[in-house]
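Remarks on the structure that follows.
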Amino acid sequence: MYSLSGKKVWVAGHRGMVGSAIVRRLASEGAEVVTASRADADLRDQAATTAWIEKTKPDAVFLAAAKVGGILANDTYPADFLFDNLMIEANIIHGAHKVGVEKLMFLGSSCIYPKFAAQPITEDALLTGALEPTNEWYAIAKIAGIKLCDAYRKQHGSDFISGMPTNLYGPGDNFDLNSSHVMPALIRKAHEAKLTGAKSITVWGTGTPRREFLHVDDCADACVHLMKTHSEAGHVNIGSGEDITILDLTQLVCKVVGYEGEIVHDLSKPDGTPRKLMSAAKLRATGWAPKIGLEEGVATVYQWFLANKA
Ligand code: GDP
């Protein structure tokens, strides 16, 4: 058991959807939460990041800082997705080792797994096959992050762990249609179509790929749970254990938003990996389960969108 109470906890990436959810979740842990703005330290810059860590001396770190984006952004900016993520995680993990951070949790993504991994994907499927090309740059960086944690554990005895969340959605998501993930894109498209009275909304690809979704508040809760209870090499999947086709998700979003038009497909856009359902068994065995159902989650995010973005 690792207690966060009274600890100085750095949430790296606190302005992102996951980082901000972890900050909200930590409010009830009795920890002192510290954050670094871009002006304090550009996390891609080793000297700046090391200086900030040495000055701040956190006891624990949630490494939620990353360059993230949807299928098109990943495919369009491979150098940024590989370089930025490698630098951020190497700088933070090495810096945490230097100042003797007691516990660090690195966050990745389900795209680390082979494109055609057996479903539901268990943790041991890592590095057993070729990656999905549309996000392999991001995936390679995230695999390197897991291996960095394992290497520092093996060589230095560092208590560094890794969690791999599934496709997340929630308040504070990116709703820009060119760079967002599918959930915020669909919410925005359905909302705007409803407002303008458009006959249809356009969904990328065939609608047949299956994806697993988890509300970011559930993810943050799982992260805090693992930080407190888990200490092992390797990584843990963080998911809901259920998946849905993109077409069914679109229909669910339309229902929540109250849009009744048609759904048309833009087949010039990529489908990406056909299915990405992770096994939730390892996480469930630690005694954790998600609390927010998909329809309820989509409804709360739509309310957040209306209040903050619409
Ligand atoms: P992925 O899980 O890495 O593929 O990331 P995304 O969340 O970007 O995409 C998931 C699936 O949703 C892919 O099959 C996309 O083609 C599909 N999709 C359908 N419409 C959209 C859209 O408007 N935006 C995005 N990002 N994906 C969409």
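Ordering of the structure tokens sets the chain letters (A, B, ...); residue numbers start at 1 within each chain; ligands are numbered from 1 in the order shown.
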Restrict the calculation to only C-alpha atoms and all ligand atoms, then for each residue of chain A with any atom at most 6 Å from an atom of ligand 1 give the closest atom pair and their distance in Å to one decimal, rows by chain and rising residue number, as CSV.
residue,atom,partner,partner_atom_place_in_ligand_line,distance
A:Gly70,CA,ligand 1,8 (O),3.5
A:Ile71,CA,ligand 1,8 (O),3.8
A:Ser180,CA,ligand 1,26 (N),5.1
A:His181,CA,ligand 1,7 (O),3.6
A:Val182,CA,ligand 1,25 (C),3.7
A:Ala185,CA,ligand 1,23 (O),4.7
A:Leu186,CA,ligand 1,23 (O),5.8
A:Val203,CA,ligand 1,20 (N),3.9
A:Trp204,CA,ligand 1,20 (N),3.7
A:Gly205,CA,ligand 1,16 (O),4.7
A:Pro209,CA,ligand 1,14 (O),5.3
A:Ile246,CA,ligand 1,12 (O),5.7
A:Pro270,CA,ligand 1,16 (O),5.0
A:Asp271,CA,ligand 1,14 (O),3.7
A:Gly272,CA,ligand 1,4 (O),4.8
**OP:** Would you please extract all helix (DSSP H, G or I) residues from region 143-283 of chain A, as assigned by DSSP on the backbone, and give them as a ChimeraX atom specification?
**Re:** /A:143-156,182-196,216-229,246-257,281-283
Could you list, with a cut-off of 9 Å and counting only C-alpha atoms, the residues of region 129-241 of chain A near region 294-308 of chain A, each shown with its nearest atom pair and the distance in Å rounded to one decimal, rows sorted by chain and ascending number, as JSON lines?
{"residue": "A:Tyr169", "atom": "CA", "partner": "A:Val301", "partner_atom": "CA", "distance": 7.9}
{"residue": "A:Gly170", "atom": "CA", "partner": "A:Val301", "partner_atom": "CA", "distance": 5.6}
{"residue": "A:Pro171", "atom": "CA", "partner": "A:Val301", "partner_atom": "CA", "distance": 5.7}
{"residue": "A:Gly172", "atom": "CA", "partner": "A:Trp304", "partner_atom": "CA", "distance": 8.3}
{"residue": "A:Asp173", "atom": "CA", "partner": "A:Val301", "partner_atom": "CA", "distance": 9.0}
{"residue": "A:Phe175", "atom": "CA", "partner": "A:Phe305", "partner_atom": "CA", "distance": 8.7}
{"residue": "A:Met183", "atom": "CA", "partner": "A:Val298", "partner_atom": "CA", "distance": 8.5}
{"residue": "A:Pro184", "atom": "CA", "partner": "A:Val301", "partner_atom": "CA", "distance": 8.6}
{"residue": "A:Ile187", "atom": "CA", "partner": "A:Tyr302", "partner_atom": "CA", "distance": 6.7}
{"residue": "A:Arg188", "atom": "CA", "partner": "A:Phe305", "partner_atom": "CA", "distance": 8.1}
{"residue": "A:His191", "atom": "CA", "partner": "A:Tyr302", "partner_atom": "CA", "distance": 8.8}
{"residue": "A:Phe213", "atom": "CA", "partner": "A:Leu294", "partner_atom": "CA", "distance": 7.4}
{"residue": "A:Leu214", "atom": "CA", "partner": "A:Leu294", "partner_atom": "CA", "distance": 7.5}
{"residue": "A:His215", "atom": "CA", "partner": "A:Gly297", "partner_atom": "CA", "distance": 6.2}
**OP:** Return the single residue from A:Ser268, A:Asn237, A:Asn167, A:Thr76 that is closest to Asp124 (chain A), with distances computed using only C-alpha atoms.
**Re:**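 The shortest atom-to-atom distance to Asp124 (chain A) comes from A:Asn237.
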Subject >> Selection: 12 Å around Thr196 (chain A), only C-alpha atoms, excl. self and same-chain fewer than 6 positions, as a list in words >> reply: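 My list of contacting residues is Lys189, Ala190, Tyr259 and Gly261 of chain A.
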**OP:** Excluding Ser28 (chain A) and residues on its chain fewer than 2 positions from it, collect all residues at most 12 Å away from it, counting only C-alpha atoms, and give them as a PyMOL selection string.
**Re:** chain A and resi 4-6+22-26+30-33+221+224
**OP:** Quick one: everything within 7 Å of region 149-157 of chain A, counting only C-alpha atoms, minus sequence neighbours fewer than 4 positions away in the same chain. Send it as a ChimeraX atom specification.
**Re:** /A:145,161,233-234
Subject >> Given only C-alpha atoms as the counted atoms, nearest of A:Met1, A:Phe116, A:His94, A:Val99 to Thr286 (chain A) >> reply: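 Selected residue with least distance to Thr286 (chain A): A:Met1.
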**OP:** Taking the chain letters and numbering used in this document, name the residues of region 34-174 of chain A that DSSP puts in strand (DSSP E or B), as an MDAnalysis selection string.
**Re:** chainID A and resid 34 60:63 103:107 121 160:165 167:169
Subject >> Among listed residues A:Ser110, A:Trp137, A:Ala285, A:Thr128, nearest Glu212 (chain A) (using only C-alpha atoms) >> reply: A:Ser110
**OP:** Within 6 Å of region 49-65 of chain A, counting only C-alpha atoms, which residues show up once you throw out same-chain ones fewer than 5 positions away? Write them as a list in words, please.
**Re:** Lys7, Lys8, Val9, Trp10, Val11, Ala12, Gly13, Gly19, Ala41, Leu43, Gly95, Val101, Glu102, Lys103, Leu104, Met105, Phe106 and Leu107 of chain A
Can you pull out every residue within 10 Å of Lys282 (chain A), counting only C-alpha atoms, but drop anything in the same chain fewer than 3 positions away, and send it as an mmCIF file with C-alpha atoms, in the first residue's frame?
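The new file part.cif reads:
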data_model
loop_
_atom_site.group_PDB
_atom_site.id
_atom_site.type_symbol
_atom_site.label_atom_id
_atom_site.label_comp_id
_atom_site.auth_asym_id
_atom_site.auth_seq_id
_atom_site.Cartn_x
_atom_site.Cartn_y
_atom_site.Cartn_z
ATOM 1 C CA THR A 122 -4.241 -9.130 -22.421
ATOM 2 C CA GLU A 123 -1.144 -7.323 -21.198
ATOM 3 C CA HIS A 235 1.757 -2.532 -17.339
ATOM 4 C CA VAL A 236 -1.924 -2.763 -16.455
ATOM 5 C CA ASN A 237 -4.805 -2.227 -18.890
ATOM 6 C CA ILE A 238 -7.275 0.424 -17.752
ATOM 7 C CA SER A 279 -8.862 -7.420 -21.181
ATOM 8 C CA ALA A 285 -8.379 -8.601 -9.904
ATOM 9 C CA THR A 286 -6.988 -5.630 -7.939
ATOM 10 C CA GLY A 287 -10.549 -4.851 -6.807
ATOM 11 C CA TRP A 288 -11.327 -1.926 -9.109
#
Subject >> Counting only C-alpha atoms, the option among A:Leu126, A:Met17, A:Ala118, A:Ile92 closest to Ala36 (chain A) >> reply: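 When distances to Ala36 (chain A) are compared using only C-alpha atoms, the smallest one comes from A:Ile92.
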Original post:
For Gly239 (chain A), which residue out of A:Asn135, A:Gln46, A:Thr166, A:Asn91 is the nearest one, using only C-alpha atoms?
Top reply: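 Going through A:Asn135, A:Gln46, A:Thr166, A:Asn91 one by one, the smallest distance to Gly239 (chain A) is for A:Thr166.
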Original post:
Which value, in Å to one decimal, gives the distance between CA of Asn178 (chain A) and CA of Gly207 (chain A)?
Top reply: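 Computing it gives 17.7 Å between the two atoms.
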